[in-house]
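Here is the file model_1.cif (mmCIF, C-alpha atoms).
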```
data_final
#
loop_
_atom_site.group_PDB
_atom_site.id
_atom_site.type_symbol
_atom_site.label_atom_id
_atom_site.label_comp_id
_atom_site.auth_asym_id
_atom_site.auth_seq_id
_atom_site.Cartn_x
_atom_site.Cartn_y
_atom_site.Cartn_z
ATOM 1 C CA MET A 1 -2.781 53.866 0.885
ATOM 2 C CA LYS A 2 0.634 52.214 0.703
ATOM 3 C CA LYS A 3 1.917 50.869 -2.591
ATOM 4 C CA SER A 4 2.266 47.345 -1.160
ATOM 5 C CA THR A 5 -1.375 47.380 -0.075
ATOM 6 C CA ILE A 6 -2.523 48.395 -3.563
ATOM 7 C CA ILE A 7 -0.461 45.619 -5.136
ATOM 8 C CA GLY A 8 -1.881 43.116 -2.664
ATOM 9 C CA LEU A 9 -5.451 44.136 -3.479
ATOM 10 C CA PHE A 10 -4.724 43.887 -7.205
ATOM 11 C CA LEU A 11 -3.315 40.363 -6.868
ATOM 12 C CA LEU A 12 -6.271 39.328 -4.709
ATOM 13 C CA LEU A 13 -8.688 40.609 -7.363
ATOM 14 C CA LEU A 14 -6.733 38.785 -10.062
ATOM 15 C CA PHE A 15 -6.834 35.479 -8.185
ATOM 16 C CA GLN A 16 -10.531 35.884 -7.437
ATOM 17 C CA THR A 17 -11.239 36.480 -11.115
ATOM 18 C CA ALA A 18 -9.210 33.433 -12.111
ATOM 19 C CA PHE A 19 -10.946 31.194 -9.566
ATOM 20 C CA SER A 20 -14.373 32.482 -10.609
ATOM 21 C CA GLN A 21 -13.625 31.629 -14.247
ATOM 22 C CA GLU A 22 -12.073 28.278 -13.486
ATOM 23 C CA GLY A 23 -15.349 26.420 -13.227
ATOM 24 C CA SER A 24 -17.179 28.156 -16.070
ATOM 25 C CA ASN A 25 -16.740 28.247 -19.823
ATOM 26 C CA VAL A 26 -14.975 31.300 -21.243
ATOM 27 C CA GLN A 27 -14.209 32.246 -24.813
ATOM 28 C CA LEU A 28 -10.566 31.680 -25.660
ATOM 29 C CA ARG A 29 -8.694 33.116 -28.644
ATOM 30 C CA GLY A 30 -5.698 31.372 -30.093
ATOM 31 C CA THR A 31 -3.441 30.622 -33.036
ATOM 32 C CA ILE A 32 -2.030 27.393 -34.421
ATOM 33 C CA LYS A 33 1.207 27.376 -36.385
ATOM 34 C CA THR A 34 4.053 25.200 -37.586
ATOM 35 C CA VAL A 35 7.747 26.071 -37.734
ATOM 36 C CA ASN A 36 7.148 27.757 -41.115
ATOM 37 C CA ASP A 37 3.786 29.492 -40.927
ATOM 38 C CA PHE A 38 0.278 29.602 -39.501
ATOM 39 C CA VAL A 39 -2.100 26.779 -40.434
ATOM 40 C CA ASN A 40 -5.598 27.336 -41.758
ATOM 41 C CA GLU A 41 -8.577 24.965 -41.894
ATOM 42 C CA VAL A 42 -7.492 23.136 -38.741
ATOM 43 C CA ASN A 43 -10.411 21.477 -36.937
ATOM 44 C CA VAL A 44 -10.516 22.474 -33.258
ATOM 45 C CA ILE A 45 -12.656 20.230 -31.043
ATOM 46 C CA ASN A 46 -13.374 20.596 -27.340
ATOM 47 C CA GLU A 47 -13.609 16.908 -26.416
ATOM 48 C CA THR A 48 -15.248 17.798 -23.104
ATOM 49 C CA THR A 49 -18.117 19.944 -24.413
ATOM 50 C CA LYS A 50 -18.022 18.758 -28.073
ATOM 51 C CA ALA A 51 -17.817 22.399 -29.228
ATOM 52 C CA THR A 52 -16.050 22.738 -32.581
ATOM 53 C CA THR A 53 -14.490 25.480 -34.706
ATOM 54 C CA SER A 54 -11.717 25.861 -37.294
ATOM 55 C CA SER A 55 -8.751 28.183 -37.868
ATOM 56 C CA ASN A 56 -8.736 30.934 -40.507
ATOM 57 C CA GLU A 57 -5.982 31.747 -43.014
ATOM 58 C CA LEU A 58 -3.926 33.388 -40.260
ATOM 59 C CA GLY A 59 -4.250 30.345 -37.995
ATOM 60 C CA GLN A 60 -6.627 32.207 -35.669
ATOM 61 C CA PHE A 61 -9.572 30.593 -33.880
ATOM 62 C CA THR A 62 -11.940 31.139 -30.959
ATOM 63 C CA ILE A 63 -13.602 28.460 -28.818
ATOM 64 C CA THR A 64 -15.300 28.213 -25.419
ATOM 65 C CA ALA A 65 -13.582 26.135 -22.735
ATOM 66 C CA LYS A 66 -12.830 25.866 -19.018
ATOM 67 C CA VAL A 67 -9.979 24.576 -16.904
ATOM 68 C CA GLY A 68 -9.402 20.883 -17.537
ATOM 69 C CA ASP A 69 -11.093 20.760 -20.948
ATOM 70 C CA LEU A 70 -9.200 18.904 -23.677
ATOM 71 C CA LEU A 71 -8.824 20.604 -27.058
ATOM 72 C CA VAL A 72 -7.900 18.458 -30.064
ATOM 73 C CA PHE A 73 -6.433 19.994 -33.238
ATOM 74 C CA THR A 74 -6.615 17.943 -36.443
ATOM 75 C CA ALA A 75 -5.920 18.568 -40.139
ATOM 76 C CA VAL A 76 -4.731 16.549 -43.108
ATOM 77 C CA ASN A 77 -1.300 18.196 -43.103
ATOM 78 C CA ILE A 78 -0.434 18.233 -39.363
ATOM 79 C CA ILE A 79 0.076 15.691 -36.616
ATOM 80 C CA THR A 80 -2.857 15.737 -34.181
ATOM 81 C CA VAL A 81 -2.267 18.012 -31.182
ATOM 82 C CA ASN A 82 -3.923 17.618 -27.760
ATOM 83 C CA LYS A 83 -4.055 20.668 -25.495
ATOM 84 C CA LYS A 84 -5.396 20.583 -21.917
ATOM 85 C CA ILE A 85 -6.695 23.963 -20.742
ATOM 86 C CA THR A 86 -4.926 25.351 -17.648
ATOM 87 C CA LYS A 87 -5.719 28.159 -15.192
ATOM 88 C CA GLN A 88 -3.121 30.315 -16.928
ATOM 89 C CA ASP A 89 -4.907 29.834 -20.278
ATOM 90 C CA ILE A 90 -8.168 31.030 -18.728
ATOM 91 C CA VAL A 91 -6.549 34.066 -17.094
ATOM 92 C CA SER A 92 -4.736 35.166 -20.277
ATOM 93 C CA GLY A 93 -7.687 34.344 -22.550
ATOM 94 C CA PHE A 94 -5.255 33.255 -25.269
ATOM 95 C CA ILE A 95 -3.548 29.996 -26.279
ATOM 96 C CA ASP A 96 -0.688 29.532 -28.705
ATOM 97 C CA VAL A 97 -0.545 26.053 -30.251
ATOM 98 C CA PHE A 98 2.435 24.594 -32.136
ATOM 99 C CA ALA A 99 1.941 21.706 -34.557
ATOM 100 C CA ASN A 100 4.298 19.478 -36.514
ATOM 101 C CA LEU A 101 3.707 18.890 -40.206
ATOM 102 C CA LYS A 102 3.051 15.362 -41.390
ATOM 103 C CA THR A 103 5.766 13.805 -43.534
ATOM 104 C CA PHE A 104 4.915 11.513 -46.412
ATOM 105 C CA PRO A 105 7.543 9.086 -47.790
ATOM 106 C CA LEU A 106 7.873 9.645 -51.532
ATOM 107 C CA ASP A 107 7.359 5.981 -52.364
ATOM 108 C CA GLU A 108 3.957 6.087 -50.683
ATOM 109 C CA VAL A 109 2.684 9.216 -52.408
ATOM 110 C CA VAL A 110 0.797 8.857 -55.666
ATOM 111 C CA ILE A 111 -0.053 12.124 -57.390
ATOM 112 C CA GLN A 112 -2.850 11.979 -59.891
ATOM 113 C CA GLU A 113 -3.744 15.129 -61.748
ATOM 114 C CA SER A 114 -7.050 15.364 -63.501
ATOM 115 C CA ALA A 115 -6.931 16.694 -67.051
ATOM 116 C CA ILE A 116 -10.330 18.290 -66.501
ATOM 117 C CA SER A 117 -10.275 21.836 -65.140
ATOM 118 C CA ALA A 118 -11.958 25.183 -65.658
ATOM 119 C CA GLU A 119 -9.031 26.142 -67.890
ATOM 120 C CA SER A 120 -9.113 22.966 -70.009
ATOM 121 C CA LEU A 121 -12.856 23.380 -70.510
ATOM 122 C CA GLY A 122 -12.325 26.924 -71.727
ATOM 123 C CA ILE A 123 -14.343 28.463 -68.892
ATOM 124 C CA ILE A 124 -11.433 30.727 -67.939
ATOM 125 C CA PRO A 125 -8.229 31.557 -69.868
ATOM 126 C CA ALA A 126 -5.152 29.442 -69.139
ATOM 127 C CA ASN A 127 -2.690 30.820 -66.532
ATOM 128 C CA GLN A 128 -5.081 33.612 -65.610
ATOM 129 C CA LYS A 129 -3.848 35.857 -62.797
ATOM 130 C CA LYS A 130 -5.784 35.714 -59.544
ATOM 131 C CA TYR A 131 -6.818 39.135 -58.202
ATOM 132 C CA THR A 132 -7.653 40.437 -54.739
ATOM 133 C CA ALA A 133 -10.896 42.386 -54.201
ATOM 134 C CA ALA A 134 -9.151 45.762 -54.638
ATOM 135 C CA GLU A 135 -7.258 44.551 -57.721
ATOM 136 C CA ARG A 136 -10.502 43.340 -59.327
ATOM 137 C CA LYS A 137 -12.041 46.804 -58.856
ATOM 138 C CA LEU A 138 -9.035 48.452 -60.525
ATOM 139 C CA TYR A 139 -9.069 45.937 -63.385
ATOM 140 C CA THR A 140 -12.777 46.613 -63.964
ATOM 141 C CA ALA A 141 -12.188 50.362 -63.964
ATOM 142 C CA THR A 142 -9.260 50.214 -66.425
ATOM 143 C CA SER A 143 -10.087 47.334 -68.767
ATOM 144 C CA GLY A 144 -13.154 48.875 -70.375
ATOM 145 C CA GLY A 145 -11.326 51.643 -72.263
ATOM 146 C CA GLY A 146 -13.374 54.124 -74.288
ATOM 147 C CA ILE A 147 -15.442 56.748 -72.520
ATOM 148 C CA ASP A 148 -15.635 54.735 -69.258
ATOM 149 C CA GLY A 149 -11.845 54.532 -68.969
ATOM 150 C CA LEU A 150 -11.538 58.244 -69.762
ATOM 151 C CA LEU A 151 -14.164 59.183 -67.165
ATOM 152 C CA ASN A 152 -12.493 57.002 -64.534
ATOM 153 C CA THR A 153 -9.165 58.726 -65.218
ATOM 154 C CA ILE A 154 -10.666 62.220 -65.093
ATOM 155 C CA SER A 155 -12.637 61.524 -61.916
ATOM 156 C CA GLY A 156 -9.567 60.160 -60.188
ATOM 157 C CA ARG A 157 -11.173 56.749 -59.594
ATOM 158 C CA LYS A 158 -8.151 54.892 -61.003
ATOM 159 C CA ALA A 159 -5.799 56.656 -58.609
ATOM 160 C CA MET A 160 -8.160 55.979 -55.728
ATOM 161 C CA LEU A 161 -8.349 52.259 -56.563
ATOM 162 C CA LYS A 162 -4.555 52.014 -56.825
ATOM 163 C CA LYS A 163 -4.289 53.535 -53.349
ATOM 164 C CA GLU A 164 -6.895 51.048 -52.138
ATOM 165 C CA ILE A 165 -4.687 48.170 -53.331
ATOM 166 C CA ILE A 166 -1.726 49.590 -51.380
ATOM 167 C CA VAL A 167 -3.871 50.033 -48.241
ATOM 168 C CA GLU A 168 -5.209 46.480 -48.614
ATOM 169 C CA SER A 169 -1.664 45.100 -48.835
ATOM 170 C CA LYS A 170 -0.620 47.032 -45.710
ATOM 171 C CA GLU A 171 -3.666 45.832 -43.745
ATOM 172 C CA THR A 172 -2.977 42.210 -44.714
ATOM 173 C CA ALA A 173 0.686 42.545 -43.740
ATOM 174 C CA PHE A 174 -0.203 44.208 -40.422
ATOM 175 C CA ASN A 175 -2.704 41.470 -39.504
ATOM 176 C CA ARG A 176 -0.084 38.809 -40.229
ATOM 177 C CA LEU A 177 2.627 40.622 -38.236
ATOM 178 C CA ILE A 178 0.377 40.676 -35.162
ATOM 179 C CA TYR A 179 0.483 36.873 -34.929
ATOM 180 C CA LEU A 180 3.810 36.154 -36.643
ATOM 181 C CA PHE A 181 6.042 36.999 -33.656
ATOM 182 C CA GLU A 182 5.583 36.931 -29.888
ATOM 183 C CA ASP A 183 6.086 40.087 -27.800
ATOM 184 C CA ASP A 184 9.350 38.608 -26.461
ATOM 185 C CA TYR A 185 10.850 38.740 -29.959
ATOM 186 C CA TYR A 186 10.137 42.457 -30.249
ATOM 187 C CA ILE A 187 11.339 43.220 -26.722
ATOM 188 C CA ASN A 188 14.460 41.045 -26.478
ATOM 189 C CA LYS A 189 15.616 40.746 -30.087
ATOM 190 C CA LEU A 190 14.511 44.049 -31.614
ATOM 191 C CA LYS A 191 14.703 46.085 -28.361
ATOM 192 C CA ILE A 192 11.224 47.524 -28.904
ATOM 193 C CA PRO A 193 9.488 48.490 -25.606
ATOM 194 C CA LEU A 194 6.206 46.692 -24.968
ATOM 195 C CA ASP A 195 4.147 49.896 -25.289
ATOM 196 C CA TYR A 196 5.744 50.632 -28.676
ATOM 197 C CA ILE A 197 5.206 47.237 -30.349
ATOM 198 C CA LYS A 198 1.923 48.193 -32.014
ATOM 199 C CA GLY A 199 3.395 51.455 -33.293
ATOM 200 C CA PHE A 200 6.430 49.613 -34.643
ATOM 201 C CA GLN A 201 4.173 47.175 -36.522
ATOM 202 C CA PHE A 202 2.432 50.136 -38.198
ATOM 203 C CA TYR A 203 5.871 51.560 -38.991
ATOM 204 C CA CYS A 204 6.940 48.246 -40.576
ATOM 205 C CA VAL A 205 4.008 48.002 -43.011
ATOM 206 C CA GLU A 206 4.954 51.384 -44.450
ATOM 207 C CA ASP A 207 8.013 49.629 -45.903
ATOM 208 C CA SER A 208 7.050 48.177 -49.300
ATOM 209 C CA GLU A 209 9.874 45.619 -49.260
ATOM 210 C CA LEU A 210 8.712 44.195 -45.937
ATOM 211 C CA VAL A 211 5.089 44.104 -47.139
ATOM 212 C CA SER A 212 6.234 42.070 -50.158
ATOM 213 C CA ALA A 213 8.191 39.715 -47.903
ATOM 214 C CA VAL A 214 5.130 39.178 -45.690
ATOM 215 C CA LYS A 215 2.965 38.536 -48.749
ATOM 216 C CA SER A 216 5.421 35.896 -50.012
ATOM 217 C CA LYS A 217 5.708 34.405 -46.481
ATOM 218 C CA ASN A 218 9.505 34.748 -46.526
ATOM 219 C CA ASN A 219 10.128 34.672 -42.772
ATOM 220 C CA THR A 220 13.915 34.875 -43.132
ATOM 221 C CA LEU A 221 13.698 38.081 -45.156
ATOM 222 C CA ILE A 222 11.017 39.463 -42.808
ATOM 223 C CA LYS A 223 13.318 39.065 -39.797
ATOM 224 C CA PHE A 224 16.258 40.604 -41.670
ATOM 225 C CA LEU A 225 14.231 43.659 -42.706
ATOM 226 C CA MET A 226 12.676 44.063 -39.260
ATOM 227 C CA VAL A 227 16.106 44.241 -37.599
ATOM 228 C CA ASN A 228 17.030 47.206 -39.807
ATOM 229 C CA LEU A 229 13.632 48.853 -39.357
ATOM 230 C CA ALA A 230 13.831 48.384 -35.577
ATOM 231 C CA ALA A 231 17.170 50.214 -35.460
ATOM 232 C CA LYS A 232 15.673 53.168 -37.350
ATOM 233 C CA TYR A 233 12.474 53.108 -35.289
ATOM 234 C CA ASN A 234 14.337 53.052 -31.972
ATOM 235 C CA LYS A 235 16.451 55.990 -33.112
ATOM 236 C CA LEU A 236 13.316 57.960 -34.040
ATOM 237 C CA SER A 237 11.704 57.071 -30.705
ATOM 238 C CA LYS A 238 14.733 58.377 -28.782
ATOM 239 C CA VAL A 239 14.605 61.660 -30.719
ATOM 240 C CA GLU A 240 10.884 62.087 -29.966
ATOM 241 C CA THR A 241 11.432 61.268 -26.291
ATOM 242 C CA THR A 242 14.282 63.792 -26.064
ATOM 243 C CA ASN A 243 12.161 66.522 -27.663
#
```

Conversion result in structure tokens:
Amino acid sequence: MKKSTIIGLFLLLLFQTAFSQEGSNVQLRGTIKTVNDFVNEVNVINETTKATTSSNELGQFTITAKVGDLLVFTAVNIITVNKKITKQDIVSGFIDVFANLKTFPLDEVVIQESAISAESLGIIPANQKKYTAAERKLYTATSGGGIDGLLNTISGRKAMLKKEIIVESKETAFNRLIYLFEDDYYINKLKIPLDYIKGFQFYCVEDSELVSAVKSKNNTLIKFLMVNLAAKYNKLSKVETTN
């Protein structure tokens, strides 16, 4: 069968799939972000079907919709966004929403801090550090001292929990990198081939400095570090391809 015939059949199948989905609800994934970062706790409402959901800490959400449905995005810190679902949205199964942050004139903002808190009541110590799940496990294993601390050291549990913290940090950084930049940024700016983007993201989270930058949400530093890492990664990829 000729190549042109195969391409024609593929496009026909693609159009048929799109038309078949056009009139029915499909589950769409998406992200909502501002110029600085992703936005969590954004209310997402399908005004047509009245279905609702909200975004997570990475700005991710899923909602059912069809062509022509109107999605409304609202939150206390962003200007309301209206998004009408198109055929292209249905075909791709993904929507990327950009929102503008609300600005509040200083003379209209009144900040009132309550003197009552868990710290002031003595429930928790003042300025107590907040721990992740892996950090809490390590703290529990090391804070007891005595025979428990000795046994944890001998058994290697402390070392294991420290490694778990590192793995947790890498996983968090990797999940944020997935949605932080579009594929075009990797391809055009960093010169990473499309098929290598996922591998490059894994390569990036092995760099402790970049993981720290992602954790602190320093996008300027992230981009700077990724340019250097991309140059090294592309060089390694060429060596592997040559061999």

Could you tell me, as a PyMOL selection string, exactly which residues end up selected when the PyMOL selection byres ((chain A and resi 209-222) around 12) is applied to this structure? chain A and resi 35-38+58+166-181+201-208+223-230

Quick one: residues within 9 Å of Ile85 of chain A, all atoms listed in the file, excluding same-chain residues fewer than 4 positions away - as a short mmCIF file (atom, residue, chain, number, x, y, z; two decimals) with C-alpha atoms, in the coordinates of the input?
```
data_model
loop_
_atom_site.label_atom_id
_atom_site.label_comp_id
_atom_site.auth_asym_id
_atom_site.auth_seq_id
_atom_site.Cartn_x
_atom_site.Cartn_y
_atom_site.Cartn_z
CA ALA A 65 -13.58 26.14 -22.74
CA LYS A 66 -12.83 25.87 -19.02
CA VAL A 67 -9.98 24.58 -16.90
CA GLY A 68 -9.40 20.88 -17.54
CA ASP A 69 -11.09 20.76 -20.95
CA LEU A 70 -9.20 18.90 -23.68
CA LEU A 71 -8.82 20.60 -27.06
CA ASP A 89 -4.91 29.83 -20.28
CA ILE A 90 -8.17 31.03 -18.73
CA ILE A 95 -3.55 30.00 -26.28
#
```

Considering all atoms listed in the file, return as JSON, numbers by chain whatever protein or nucleic-acid residues lie within 6 Å of Thr74 of chain A, sequence-local ones (same chain, fewer than 6 positions apart) excluded. {"A": [42, 43, 80]}

Quick one, how far is atom CA of Thr49 of chain A from atom CA of Gly30 of chain A?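 Answer for the atom CA of Thr49 of chain A to atom CA of Gly30 of chain A separation: 17.8 Å.
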
Point-to-point distance in Å for atom CA of Thr48 of chain A and atom CA of Lys102 of chain A: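 Rounded to one decimal, the two atoms are 26.0 Å apart.
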
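The spacing separating atom CA of Phe200 of chain A from atom CA of Gln88 of chain A amounts to 27.9 Å.
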
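The result of the PyMOL selection byres ((chain A and resi 63) around 7) on the shown file is Gln27, Leu28, Arg29, Thr53, Phe61, Thr62, Thr64 and Ala65 of chain A.
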
Selection above as a file: C-alpha atoms, as a PDB file, in the frame of the given file:
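Dumped everything to selection.pdb:
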```pdb
ATOM      1  CA  GLN A  27     -14.209  32.246 -24.813  1.00  0.00           C
ATOM      2  CA  LEU A  28     -10.566  31.680 -25.660  1.00  0.00           C
ATOM      3  CA  ARG A  29      -8.694  33.116 -28.644  1.00  0.00           C
ATOM      4  CA  THR A  53     -14.490  25.480 -34.706  1.00  0.00           C
ATOM      5  CA  PHE A  61      -9.572  30.593 -33.880  1.00  0.00           C
ATOM      6  CA  THR A  62     -11.940  31.139 -30.959  1.00  0.00           C
ATOM      7  CA  THR A  64     -15.300  28.213 -25.419  1.00  0.00           C
ATOM      8  CA  ALA A  65     -13.582  26.135 -22.735  1.00  0.00           C
TER       9      ALA A  65
END
```

Selection under test: the PyMOL selection byres ((chain A and resi 192) around 12); residues as an MDAnalysis selection string: chainID A and resid 183:191 193:201 226:227 229:238

Size and centre in Å, one decimal, axis-aligned box, all listed segment 202-207 of chain A atoms plus 5 Å per side, as JSON:
```
{"center_x": 5.2, "center_y": 49.8, "center_z": -42.1, "size_x": 15.6, "size_y": 13.6, "size_z": 17.7}
```
